[in-house]
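What follows is the content of target_2.cif, which has mmCIF, C-alpha atoms:
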```
data_protein
#
loop_
_atom_site.label_atom_id
_atom_site.label_comp_id
_atom_site.auth_asym_id
_atom_site.auth_seq_id
_atom_site.Cartn_x
_atom_site.Cartn_y
_atom_site.Cartn_z
CA MET A 1 211.35 -16.64 213.48
CA LEU A 2 209.61 -18.81 216.02
CA ILE A 3 205.98 -17.83 216.38
CA LEU A 4 203.94 -18.99 219.36
CA THR A 5 200.34 -18.41 220.38
CA ARG A 6 199.77 -17.61 224.07
CA LYS A 7 196.79 -16.73 226.23
CA ILE A 8 196.63 -14.25 229.10
CA GLY A 9 198.56 -15.59 232.06
CA GLU A 10 200.65 -17.93 229.94
CA GLY A 11 204.35 -17.46 229.52
CA ILE A 12 207.46 -18.21 227.52
CA ILE A 13 210.79 -19.25 228.98
CA LEU A 14 214.04 -18.12 227.31
CA GLY A 15 217.06 -20.08 228.45
CA ASP A 16 217.21 -20.89 232.15
CA ASP A 17 216.39 -17.59 233.74
CA ILE A 18 214.22 -15.38 231.54
CA ARG A 19 210.45 -15.55 231.66
CA ILE A 20 208.09 -13.53 229.50
CA SER A 21 204.41 -13.58 230.33
CA ILE A 22 201.28 -12.11 228.83
CA MET A 23 199.65 -9.96 231.51
CA GLU A 24 196.79 -8.21 229.78
CA ILE A 25 195.33 -7.59 226.34
CA ARG A 26 193.44 -4.35 225.82
CA GLY A 27 192.42 -3.59 222.24
CA LYS A 28 195.63 -3.30 220.24
CA GLN A 29 197.85 -3.15 223.30
CA ILE A 30 199.40 -6.04 225.12
CA ARG A 31 201.02 -5.81 228.55
CA ILE A 32 204.00 -8.09 228.83
CA GLY A 33 205.81 -9.07 232.00
CA ILE A 34 209.51 -9.84 231.84
CA GLU A 35 211.47 -11.56 234.58
CA ALA A 36 215.19 -11.57 233.88
CA PRO A 37 218.49 -11.34 235.79
CA SER A 38 219.63 -7.76 236.48
CA ASP A 39 222.51 -7.96 234.00
CA VAL A 40 220.17 -8.70 231.11
CA VAL A 41 219.36 -5.52 229.21
CA VAL A 42 215.64 -5.23 228.50
CA LEU A 43 214.64 -2.25 226.39
CA ARG A 44 211.80 -1.14 224.18
CA GLU A 45 213.07 -1.60 220.65
CA GLU A 46 212.63 2.05 219.62
CA ILE A 47 214.66 3.26 222.62
CA TYR A 48 217.44 0.81 221.81
CA GLN A 49 217.46 2.02 218.21
CA ARG A 50 217.47 5.67 219.25
CA ILE A 51 220.64 5.22 221.32
CA GLN A 52 222.25 3.03 218.68
CA GLU A 53 221.59 5.59 215.94
CA GLU A 54 222.93 8.40 218.11
CA ASN A 55 226.12 6.42 218.73
CA LEU A 56 226.54 5.94 214.99
CA ARG A 57 226.03 9.65 214.38
CA ALA A 58 228.49 10.57 217.14
CA ALA A 59 231.16 8.30 215.66
CA GLY A 60 231.59 10.61 212.67
CA VAL A 61 233.31 13.47 214.53
CA ARG A 62 236.46 15.00 213.08
CA ASP A 63 239.34 16.57 214.97
CA VAL A 64 238.78 19.99 213.38
CA ASP A 65 235.27 20.09 214.85
CA LEU A 66 236.60 19.50 218.33
CA LYS A 67 239.23 22.24 218.13
CA GLU A 68 236.48 24.68 217.28
CA ILE A 69 234.27 23.31 220.02
CA ALA A 70 237.00 23.66 222.63
CA HIS A 71 237.49 27.25 221.50
CA ILE A 72 233.76 28.05 221.79
CA TRP A 73 233.67 26.34 225.17
CA LYS A 74 236.55 28.42 226.50
CA GLN A 75 234.91 31.63 225.34
CA LYS A 76 231.72 30.65 227.11
CA LYS A 77 233.61 29.90 230.31
CA ASP A 78 235.68 33.09 230.26
CA ARG A 79 232.65 35.28 229.81
CA MET B 1 253.53 10.69 214.51
CA THR B 2 253.82 8.93 217.82
CA THR B 3 252.02 10.34 220.80
CA ASP B 4 253.19 8.85 224.05
CA LEU B 5 250.36 8.61 226.55
CA GLN B 6 252.62 7.08 229.14
CA LYS B 7 252.66 9.21 232.27
CA THR B 8 254.36 6.97 234.82
CA PRO B 9 257.56 5.36 233.59
CA ALA B 10 257.44 2.08 235.55
CA GLU B 11 254.79 0.26 233.50
CA PRO B 12 256.39 -2.13 231.06
CA VAL B 13 253.42 -3.63 229.22
CA SER B 14 252.49 -1.38 226.38
CA ALA B 15 251.60 -1.62 222.74
CA THR B 16 251.50 0.72 219.80
CA VAL B 17 248.04 1.19 218.38
CA ALA B 18 247.19 2.89 215.10
CA THR B 19 244.53 5.61 215.21
CA LYS B 20 243.24 7.91 212.52
CA ASN B 21 243.09 11.05 214.65
CA PHE B 22 246.27 10.64 216.64
CA GLY B 23 248.54 8.50 214.50
CA ASP B 24 250.30 5.69 216.34
CA ILE B 25 249.78 5.91 220.08
CA MET B 26 251.43 4.03 222.91
CA VAL B 27 248.88 2.41 225.16
CA ARG B 28 249.66 0.69 228.42
CA GLU B 29 247.56 -2.27 229.41
CA ASP B 30 246.39 -0.44 232.51
CA GLN B 31 244.90 2.32 230.35
CA ILE B 32 242.64 0.06 228.34
CA ILE B 33 238.93 0.28 229.12
CA THR B 34 236.86 -2.74 228.18
CA PHE B 35 233.22 -2.35 227.22
CA SER B 36 231.53 -5.71 227.16
CA PRO B 37 229.22 -5.74 225.32
CA GLY B 38 230.45 -2.80 223.28
CA LEU B 39 228.53 0.42 222.80
CA LEU B 40 225.15 0.03 221.12
CA GLY B 41 225.79 -0.32 217.40
CA PHE B 42 229.41 -1.28 218.06
CA SER B 43 228.89 -4.43 220.08
CA GLU B 44 231.92 -6.21 218.59
CA LEU B 45 234.37 -3.46 219.60
CA HIS B 46 235.41 -3.76 223.21
CA ARG B 47 238.71 -1.99 223.86
CA TYR B 48 239.01 1.76 224.20
CA VAL B 49 241.36 4.32 225.65
CA LEU B 50 240.55 7.80 226.94
CA ILE B 51 242.67 10.60 225.52
CA GLU B 52 242.56 14.12 226.89
CA HIS B 53 241.83 16.74 224.28
CA GLY B 54 243.94 19.42 225.86
CA GLN B 55 244.38 21.56 228.94
CA GLU B 56 241.33 23.61 229.86
CA SER B 57 239.24 21.47 227.55
CA PRO B 58 236.53 19.39 229.23
CA PHE B 59 236.39 17.14 226.18
CA LEU B 60 237.96 13.72 225.95
CA TRP B 61 238.39 11.29 223.10
CA LEU B 62 237.23 7.74 223.58
CA GLN B 63 239.40 6.04 221.00
CA SER B 64 238.69 2.50 219.88
CA LEU B 65 241.72 0.22 219.93
CA ASP B 66 240.00 -2.25 217.63
CA LYS B 67 239.05 0.16 214.86
CA PRO B 68 241.56 2.95 214.16
CA ASP B 69 239.05 5.39 212.67
CA LEU B 70 236.52 5.10 215.49
CA ALA B 71 236.67 7.72 218.21
CA PHE B 72 233.93 9.38 220.21
CA VAL B 73 234.05 12.77 221.87
CA VAL B 74 232.92 12.39 225.47
CA MET B 75 232.65 14.62 228.51
CA ASP B 76 231.59 14.59 232.12
CA PRO B 77 227.82 15.29 232.08
CA VAL B 78 228.10 17.75 234.98
CA PHE B 79 229.48 20.23 232.44
CA VAL B 80 226.20 19.89 230.57
CA LEU B 81 223.76 19.54 233.47
CA PRO B 82 225.25 20.17 236.92
CA ASP B 83 222.65 17.97 238.64
CA TYR B 84 222.78 15.09 236.16
CA GLN B 85 222.16 11.70 237.75
CA VAL B 86 222.00 8.27 236.20
CA GLY B 87 219.50 7.03 238.80
CA PRO B 88 219.53 3.63 240.48
CA ILE B 89 222.56 1.66 239.34
CA ASN B 90 222.61 -1.33 241.68
CA GLY B 91 222.61 -3.79 238.81
CA ILE B 92 225.40 -2.17 236.87
CA GLN B 93 227.40 -1.51 240.02
CA LYS B 94 227.40 -5.24 240.62
CA GLU B 95 228.12 -6.04 237.00
CA LEU B 96 231.13 -3.72 236.79
CA GLU B 97 232.21 -4.80 240.29
CA VAL B 98 232.19 -1.26 241.61
CA LYS B 99 233.21 -1.28 245.26
CA SER B 100 232.96 2.43 245.94
CA LEU B 101 230.89 4.96 244.03
CA GLN B 102 234.01 7.12 243.85
CA ASP B 103 235.44 4.53 241.46
CA LEU B 104 232.64 5.09 239.00
CA LYS B 105 233.23 7.55 236.18
CA VAL B 106 230.26 8.77 234.18
CA LEU B 107 230.72 10.17 230.69
CA VAL B 108 228.32 11.14 227.94
CA ILE B 109 228.91 10.94 224.20
CA LEU B 110 228.69 14.11 222.14
CA THR B 111 227.34 14.35 218.63
CA ILE B 112 228.92 17.20 216.69
CA PRO B 113 227.16 17.95 213.40
CA PRO B 114 229.70 18.47 210.59
CA GLY B 115 230.19 22.20 209.97
CA ARG B 116 227.91 23.21 212.84
CA PRO B 117 229.92 22.42 215.97
CA GLN B 118 227.99 24.99 218.03
CA ASP B 119 224.94 22.75 217.59
CA MET B 120 226.56 19.79 219.32
CA THR B 121 224.39 17.64 221.54
CA ALA B 122 225.05 15.29 224.41
CA ASN B 123 223.45 11.89 224.68
CA LEU B 124 222.27 12.09 228.28
CA MET B 125 220.02 9.08 227.78
CA GLY B 126 222.87 6.69 226.99
CA PRO B 127 225.68 7.49 229.47
CA LEU B 128 228.90 5.49 229.71
CA LEU B 129 229.74 4.11 233.12
CA ILE B 130 233.32 3.11 233.81
CA ASN B 131 234.80 1.45 236.87
CA VAL B 132 238.15 3.24 236.97
CA VAL B 133 239.68 0.51 239.16
CA ASN B 134 239.20 -2.50 236.89
CA ARG B 135 238.52 -0.31 233.81
CA ARG B 136 235.37 -2.08 232.84
CA GLY B 137 232.68 0.00 231.23
CA LYS B 138 229.18 -0.20 229.95
CA GLN B 139 226.75 2.02 228.09
CA LEU B 140 223.58 2.41 230.08
CA VAL B 141 220.22 3.27 228.56
CA LEU B 142 218.09 5.39 230.87
CA GLU B 143 214.72 4.41 229.54
CA SER B 144 212.47 6.08 232.06
CA SER B 145 214.48 9.21 232.72
CA PRO B 146 213.75 12.84 231.83
CA TYR B 147 216.98 13.07 229.82
CA SER B 148 217.22 13.44 226.07
CA HIS B 149 219.55 11.60 223.71
CA LYS B 150 220.04 14.98 222.01
CA HIS B 151 220.57 17.52 224.78
CA ARG B 152 221.94 20.78 223.44
CA VAL B 153 225.31 21.62 225.03
CA LEU B 154 225.75 25.26 223.93
CA PRO B 155 222.99 27.86 223.64
CA ALA B 156 221.63 28.41 220.14
CA LYS B 157 223.05 31.44 218.33
CA GLY B 158 221.10 34.65 217.90
#
```

Could you write out this file's structure as structure tokens?
Amino acid sequence: MLILTRKIGEGIILGDDIRISIMEIRGKQIRIGIEAPSDVVVLREEIYQRIQEENLRAAGVRDVDLKEIAHIWKQKKDR
Amino acid sequence: MTTDLQKTPAEPVSATVATKNFGDIMVREDQIITFSPGLLGFSELHRYVLIEHGQESPFLWLQSLDKPDLAFVVMDPVFVLPDYQVGPINGIQKELEVKSLQDLKVLVILTIPPGRPQDMTANLMGPLLINVVNRRGKQLVLESSPYSHKHRVLPAKG
């Protein structure tokens, strides 16, 4: 891992079009500014992981579950 | 078992794809949806096909064409929350080359706990957006939205 030391107002350039800058340091919190093209996905790591983990959980569905689900759904609708 | 998904007869380019849930299925090139990058956690898998679960069932299978045993259950989020909205999508609209919003299909992935299907949840935080014209899709992450990644679909029992 590349480790750099930066001061407030300084930045880091990734590739040609991504800029990360240090905006503010307050105690244990750091505000970071990110300038990137709109097609670059920028996410807090824990949010990314939450969606990734949910995808992995969802991938384990079996056909028998869905038959039951469709049945429950129909009952709910017909009521 | 061979399930023929072909609905219109005049499309010659098709291939047989092995799946765990449906056996060998016939898939036409114009049915293949490409997610690039793939879904989070499955970034190497790009090609999928949507399979209807059955009449009167709002559920669909999103079957991977690259991994036979990978299939997600998905549904239109309006069945879960009638006023569901993904919010501003200018960036993704451009990326998927969506010309008209009518061409954009939104689906959410369901998580069905084994043995407790009534407790299934919908991932409203990570919807799938698909341009139905060029069949390009992407999973969006709605970071600053009120939606949960585990939104209960059916009321709890009792």

May I have a table of the residues of chain B lying at most 8 Å from chain A, giving each one's closest pair of atoms and their distance in Å to one decimal, counting only C-alpha atoms, ordered by chain and ascending residue number, as a Markdown table?
```
| residue | atom | partner | partner_atom | distance |
| --- | --- | --- | --- | --- |
| B:Asn21 | CA | A:Asp63 | CA | 6.7 |
| B:Leu39 | CA | A:Asn55 | CA | 7.6 |
| B:Leu40 | CA | A:Gln52 | CA | 4.8 |
| B:Gly41 | CA | A:Gln52 | CA | 5.0 |
| B:Glu56 | CA | A:Lys74 | CA | 7.6 |
| B:Ser57 | CA | A:Ala70 | CA | 5.8 |
| B:Pro58 | CA | A:Ala70 | CA | 7.9 |
| B:Phe59 | CA | A:Ala70 | CA | 7.4 |
| B:Leu70 | CA | A:Ala59 | CA | 6.2 |
| B:Ala71 | CA | A:Ala59 | CA | 6.1 |
| B:Phe72 | CA | A:Ala59 | CA | 5.4 |
| B:Val73 | CA | A:Val61 | CA | 7.4 |
| B:Gly91 | CA | A:Ser38 | CA | 5.5 |
| B:Ile92 | CA | A:Asp39 | CA | 7.1 |
| B:Glu95 | CA | A:Asp39 | CA | 6.6 |
| B:Ile109 | CA | A:Ala58 | CA | 7.1 |
| B:Leu110 | CA | A:Ala58 | CA | 6.1 |
| B:Thr111 | CA | A:Ala58 | CA | 4.2 |
| B:Ile112 | CA | A:Val61 | CA | 6.2 |
| B:Pro113 | CA | A:Val61 | CA | 7.7 |
| B:Pro114 | CA | A:Asp65 | CA | 7.2 |
| B:Gly115 | CA | A:Asp65 | CA | 7.4 |
| B:Pro117 | CA | A:Asp65 | CA | 5.9 |
| B:Gln118 | CA | A:Ile69 | CA | 6.8 |
| B:Asn123 | CA | A:Glu54 | CA | 7.5 |
| B:Met125 | CA | A:Ile51 | CA | 7.6 |
| B:Gly126 | CA | A:Ile51 | CA | 6.3 |
| B:Val141 | CA | A:Ile51 | CA | 7.5 |
| B:Glu143 | CA | A:Ile47 | CA | 7.0 |
| B:His149 | CA | A:Ile51 | CA | 6.9 |
```

Go ahead and write the selection's residues with C-alpha atoms as a PDB file, in the coordinates of the input.
```
ATOM      1  CA  ASN B  21     243.090  11.050 214.650  1.00  0.00           C
ATOM      2  CA  LEU B  39     228.530   0.420 222.800  1.00  0.00           C
ATOM      3  CA  LEU B  40     225.150   0.030 221.120  1.00  0.00           C
ATOM      4  CA  GLY B  41     225.790  -0.320 217.400  1.00  0.00           C
ATOM      5  CA  GLU B  56     241.330  23.610 229.860  1.00  0.00           C
ATOM      6  CA  SER B  57     239.240  21.470 227.550  1.00  0.00           C
ATOM      7  CA  PRO B  58     236.530  19.390 229.230  1.00  0.00           C
ATOM      8  CA  PHE B  59     236.390  17.140 226.180  1.00  0.00           C
ATOM      9  CA  LEU B  70     236.520   5.100 215.490  1.00  0.00           C
ATOM     10  CA  ALA B  71     236.670   7.720 218.210  1.00  0.00           C
ATOM     11  CA  PHE B  72     233.930   9.380 220.210  1.00  0.00           C
ATOM     12  CA  VAL B  73     234.050  12.770 221.870  1.00  0.00           C
ATOM     13  CA  GLY B  91     222.610  -3.790 238.810  1.00  0.00           C
ATOM     14  CA  ILE B  92     225.400  -2.170 236.870  1.00  0.00           C
ATOM     15  CA  GLU B  95     228.120  -6.040 237.000  1.00  0.00           C
ATOM     16  CA  ILE B 109     228.910  10.940 224.200  1.00  0.00           C
ATOM     17  CA  LEU B 110     228.690  14.110 222.140  1.00  0.00           C
ATOM     18  CA  THR B 111     227.340  14.350 218.630  1.00  0.00           C
ATOM     19  CA  ILE B 112     228.920  17.200 216.690  1.00  0.00           C
ATOM     20  CA  PRO B 113     227.160  17.950 213.400  1.00  0.00           C
ATOM     21  CA  PRO B 114     229.700  18.470 210.590  1.00  0.00           C
ATOM     22  CA  GLY B 115     230.190  22.200 209.970  1.00  0.00           C
ATOM     23  CA  PRO B 117     229.920  22.420 215.970  1.00  0.00           C
ATOM     24  CA  GLN B 118     227.990  24.990 218.030  1.00  0.00           C
ATOM     25  CA  ASN B 123     223.450  11.890 224.680  1.00  0.00           C
ATOM     26  CA  MET B 125     220.020   9.080 227.780  1.00  0.00           C
ATOM     27  CA  GLY B 126     222.870   6.690 226.990  1.00  0.00           C
ATOM     28  CA  VAL B 141     220.220   3.270 228.560  1.00  0.00           C
ATOM     29  CA  GLU B 143     214.720   4.410 229.540  1.00  0.00           C
ATOM     30  CA  HIS B 149     219.550  11.600 223.710  1.00  0.00           C
TER      31      HIS B 149
END
```

Please return the centre and edge lengths, in Å to one decimal, of a box with edges along x, y and z that contains all listed atoms of range 65-77 of chain A, widened by 6 Å on every side, as JSON.
```
{"center_x": 235.5, "center_y": 25.6, "center_z": 222.6, "size_x": 19.5, "size_y": 24.1, "size_z": 27.5}
```

Legend entry - All residues 12 Å or closer to Glu35 in chain A, only C-alpha atoms, same chain fewer than 5 positions away omitted, as a ChimeraX atom specification: /A:11-22,40-42

Contacts of Ile8 in chain A at 10 Å or less, counting only C-alpha atoms, minus same-chain residues fewer than 5 places along, as a PDB file with C-alpha atoms, keeping the file's coordinate frame?
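What ended up in around.pdb:
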```
ATOM      1  CA  SER A  21     204.410 -13.580 230.330  1.00  0.00           C
ATOM      2  CA  ILE A  22     201.280 -12.110 228.830  1.00  0.00           C
ATOM      3  CA  MET A  23     199.650  -9.960 231.510  1.00  0.00           C
ATOM      4  CA  GLU A  24     196.790  -8.210 229.780  1.00  0.00           C
ATOM      5  CA  ILE A  25     195.330  -7.590 226.340  1.00  0.00           C
ATOM      6  CA  ILE A  30     199.400  -6.040 225.120  1.00  0.00           C
ATOM      7  CA  ARG A  31     201.020  -5.810 228.550  1.00  0.00           C
ATOM      8  CA  ILE A  32     204.000  -8.090 228.830  1.00  0.00           C
TER       9      ILE A  32
END
```

Legend entry - Distance in Å - CA of Val133 in chain B versus CA of Tyr147 in chain B: 27.6 Å

Legend entry - Separation of CA of Ser100 in chain B from CA of Leu129 in chain B in Å: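 Taking CA of Leu129 in chain B and CA of Ser100 in chain B, their separation equals 13.3 Å.
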
Inset, instruction - Could you please determine the separation between CA of Pro37 in chain B and CA of Pro127 in chain B in Å, to one decimal place? - result: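 Distance between the two atoms: 14.3 Å.
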
Inset, instruction - Select, from B:Met120, B:Val132, B:Val27, B:Val80, the residue with the minimum atom-to-atom distance to Ile51 in chain B, counting only C-alpha atoms. - result: B:Val27

Legend entry - Shell of 8 Å around Gly137 in chain B, all atoms listed in the file, local chain residues under 4 positions omitted, as JSON, numbers by chain: {"B": [33, 34, 35, 36, 96, 128, 129, 130, 131]}

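All residues of protein, DNA or RNA that reach within 12 Å of Pro88 in chain B, judged by all atoms listed in the file and not counting those fewer than 6 positions away in the chain, are Lys94, Leu101, Leu140, Val141, Leu142, Glu143, Ser144 and Ser145 of chain B.
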
Inset, instruction - Give the answer as one residue: which of B:Val153, B:Val106, B:Ala18, B:Val49 has the shortest atom-to-atom distance to Asp30 in chain B, using only C-alpha atoms? - result: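 Among the listed residues, the smallest separation from Asp30 in chain B belongs to B:Val49.
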
Just add N, CA and C atoms to range 11-44 of chain A and send it as a PDB file, keeping the file's coordinate frame.
```pdb
ATOM      1  N   GLY A  11     203.019 -18.045 229.640  1.00  0.00           N
ATOM      2  CA  GLY A  11     204.350 -17.460 229.520  1.00  0.00           C
ATOM      3  C   GLY A  11     205.230 -18.169 228.511  1.00  0.00           C
ATOM      4  N   ILE A  12     206.426 -17.614 228.378  1.00  0.00           N
ATOM      5  CA  ILE A  12     207.460 -18.210 227.520  1.00  0.00           C
ATOM      6  C   ILE A  12     208.759 -18.155 228.322  1.00  0.00           C
ATOM      7  N   ILE A  13     209.508 -19.219 228.288  1.00  0.00           N
ATOM      8  CA  ILE A  13     210.790 -19.250 228.980  1.00  0.00           C
ATOM      9  C   ILE A  13     211.917 -19.166 227.950  1.00  0.00           C
ATOM     10  N   LEU A  14     212.852 -18.211 228.171  1.00  0.00           N
ATOM     11  CA  LEU A  14     214.040 -18.120 227.310  1.00  0.00           C
ATOM     12  C   LEU A  14     215.242 -18.555 228.139  1.00  0.00           C
ATOM     13  N   GLY A  15     215.916 -19.585 227.694  1.00  0.00           N
ATOM     14  CA  GLY A  15     217.060 -20.080 228.450  1.00  0.00           C
ATOM     15  C   GLY A  15     216.623 -20.555 229.824  1.00  0.00           C
ATOM     16  N   ASP A  16     217.517 -20.386 230.821  1.00  0.00           N
ATOM     17  CA  ASP A  16     217.210 -20.890 232.150  1.00  0.00           C
ATOM     18  C   ASP A  16     216.569 -19.847 233.051  1.00  0.00           C
ATOM     19  N   ASP A  17     216.773 -18.566 232.736  1.00  0.00           N
ATOM     20  CA  ASP A  17     216.390 -17.590 233.740  1.00  0.00           C
ATOM     21  C   ASP A  17     215.610 -16.381 233.214  1.00  0.00           C
ATOM     22  N   ILE A  18     215.036 -16.483 232.033  1.00  0.00           N
ATOM     23  CA  ILE A  18     214.220 -15.380 231.540  1.00  0.00           C
ATOM     24  C   ILE A  18     212.813 -15.877 231.273  1.00  0.00           C
ATOM     25  N   ARG A  19     211.847 -15.167 231.854  1.00  0.00           N
ATOM     26  CA  ARG A  19     210.450 -15.550 231.660  1.00  0.00           C
ATOM     27  C   ARG A  19     209.672 -14.345 231.145  1.00  0.00           C
ATOM     28  N   ILE A  20     208.943 -14.569 230.080  1.00  0.00           N
ATOM     29  CA  ILE A  20     208.090 -13.530 229.500  1.00  0.00           C
ATOM     30  C   ILE A  20     206.661 -14.002 229.634  1.00  0.00           C
ATOM     31  N   SER A  21     205.791 -13.147 230.187  1.00  0.00           N
ATOM     32  CA  SER A  21     204.410 -13.580 230.330  1.00  0.00           C
ATOM     33  C   SER A  21     203.443 -12.521 229.808  1.00  0.00           C
ATOM     34  N   ILE A  22     202.313 -12.993 229.350  1.00  0.00           N
ATOM     35  CA  ILE A  22     201.280 -12.110 228.830  1.00  0.00           C
ATOM     36  C   ILE A  22     200.388 -11.705 230.001  1.00  0.00           C
ATOM     37  N   MET A  23     200.380 -10.423 230.331  1.00  0.00           N
ATOM     38  CA  MET A  23     199.650  -9.960 231.510  1.00  0.00           C
ATOM     39  C   MET A  23     198.213  -9.554 231.163  1.00  0.00           C
ATOM     40  N   GLU A  24     198.076  -8.828 230.060  1.00  0.00           N
ATOM     41  CA  GLU A  24     196.790  -8.210 229.780  1.00  0.00           C
ATOM     42  C   GLU A  24     196.713  -7.857 228.292  1.00  0.00           C
ATOM     43  N   ILE A  25     195.544  -8.014 227.731  1.00  0.00           N
ATOM     44  CA  ILE A  25     195.330  -7.590 226.340  1.00  0.00           C
ATOM     45  C   ILE A  25     194.176  -6.604 226.338  1.00  0.00           C
ATOM     46  N   ARG A  26     194.465  -5.398 225.824  1.00  0.00           N
ATOM     47  CA  ARG A  26     193.440  -4.350 225.820  1.00  0.00           C
ATOM     48  C   ARG A  26     193.420  -3.726 224.424  1.00  0.00           C
ATOM     49  N   GLY A  27     192.454  -4.108 223.617  1.00  0.00           N
ATOM     50  CA  GLY A  27     192.420  -3.590 222.240  1.00  0.00           C
ATOM     51  C   GLY A  27     193.667  -4.010 221.500  1.00  0.00           C
ATOM     52  N   LYS A  28     194.430  -2.993 221.004  1.00  0.00           N
ATOM     53  CA  LYS A  28     195.630  -3.300 220.240  1.00  0.00           C
ATOM     54  C   LYS A  28     196.881  -3.342 221.125  1.00  0.00           C
ATOM     55  N   GLN A  29     196.683  -3.166 222.424  1.00  0.00           N
ATOM     56  CA  GLN A  29     197.850  -3.150 223.300  1.00  0.00           C
ATOM     57  C   GLN A  29     197.940  -4.415 224.133  1.00  0.00           C
ATOM     58  N   ILE A  30     199.154  -4.860 224.313  1.00  0.00           N
ATOM     59  CA  ILE A  30     199.400  -6.040 225.120  1.00  0.00           C
ATOM     60  C   ILE A  30     200.397  -5.682 226.217  1.00  0.00           C
ATOM     61  N   ARG A  31     200.069  -6.028 227.448  1.00  0.00           N
ATOM     62  CA  ARG A  31     201.020  -5.810 228.550  1.00  0.00           C
ATOM     63  C   ARG A  31     201.804  -7.094 228.758  1.00  0.00           C
ATOM     64  N   ILE A  32     203.109  -6.927 228.744  1.00  0.00           N
ATOM     65  CA  ILE A  32     204.000  -8.090 228.830  1.00  0.00           C
ATOM     66  C   ILE A  32     204.839  -7.978 230.085  1.00  0.00           C
ATOM     67  N   GLY A  33     204.940  -9.039 230.815  1.00  0.00           N
ATOM     68  CA  GLY A  33     205.810  -9.070 232.000  1.00  0.00           C
ATOM     69  C   GLY A  33     207.100  -9.788 231.664  1.00  0.00           C
ATOM     70  N   ILE A  34     208.211  -9.223 232.129  1.00  0.00           N
ATOM     71  CA  ILE A  34     209.510  -9.840 231.840  1.00  0.00           C
ATOM     72  C   ILE A  34     210.264 -10.048 233.141  1.00  0.00           C
ATOM     73  N   GLU A  35     210.621 -11.270 233.413  1.00  0.00           N
ATOM     74  CA  GLU A  35     211.470 -11.560 234.580  1.00  0.00           C
ATOM     75  C   GLU A  35     212.816 -12.009 234.041  1.00  0.00           C
ATOM     76  N   ALA A  36     213.859 -11.243 234.388  1.00  0.00           N
ATOM     77  CA  ALA A  36     215.190 -11.570 233.880  1.00  0.00           C
ATOM     78  C   ALA A  36     216.235 -11.149 234.907  1.00  0.00           C
ATOM     79  N   PRO A  37     217.417 -11.765 234.882  1.00  0.00           N
ATOM     80  CA  PRO A  37     218.490 -11.340 235.790  1.00  0.00           C
ATOM     81  C   PRO A  37     218.843  -9.867 235.542  1.00  0.00           C
ATOM     82  N   SER A  38     219.398  -9.214 236.569  1.00  0.00           N
ATOM     83  CA  SER A  38     219.630  -7.760 236.480  1.00  0.00           C
ATOM     84  C   SER A  38     220.654  -7.388 235.408  1.00  0.00           C
ATOM     85  N   ASP A  39     221.507  -8.325 235.009  1.00  0.00           N
ATOM     86  CA  ASP A  39     222.510  -7.960 234.000  1.00  0.00           C
ATOM     87  C   ASP A  39     221.989  -8.140 232.573  1.00  0.00           C
ATOM     88  N   VAL A  40     220.750  -8.587 232.454  1.00  0.00           N
ATOM     89  CA  VAL A  40     220.170  -8.700 231.110  1.00  0.00           C
ATOM     90  C   VAL A  40     219.510  -7.368 230.758  1.00  0.00           C
ATOM     91  N   VAL A  41     219.911  -6.812 229.631  1.00  0.00           N
ATOM     92  CA  VAL A  41     219.360  -5.520 229.210  1.00  0.00           C
ATOM     93  C   VAL A  41     218.007  -5.759 228.537  1.00  0.00           C
ATOM     94  N   VAL A  42     216.981  -5.135 229.087  1.00  0.00           N
ATOM     95  CA  VAL A  42     215.640  -5.230 228.500  1.00  0.00           C
ATOM     96  C   VAL A  42     215.215  -3.814 228.116  1.00  0.00           C
ATOM     97  N   LEU A  43     214.988  -3.593 226.846  1.00  0.00           N
ATOM     98  CA  LEU A  43     214.640  -2.250 226.390  1.00  0.00           C
ATOM     99  C   LEU A  43     213.549  -2.321 225.340  1.00  0.00           C
ATOM    100  N   ARG A  44     212.715  -1.295 225.311  1.00  0.00           N
ATOM    101  CA  ARG A  44     211.800  -1.140 224.180  1.00  0.00           C
ATOM    102  C   ARG A  44     212.653  -0.952 222.927  1.00  0.00           C
TER     103      ARG A  44
END
```
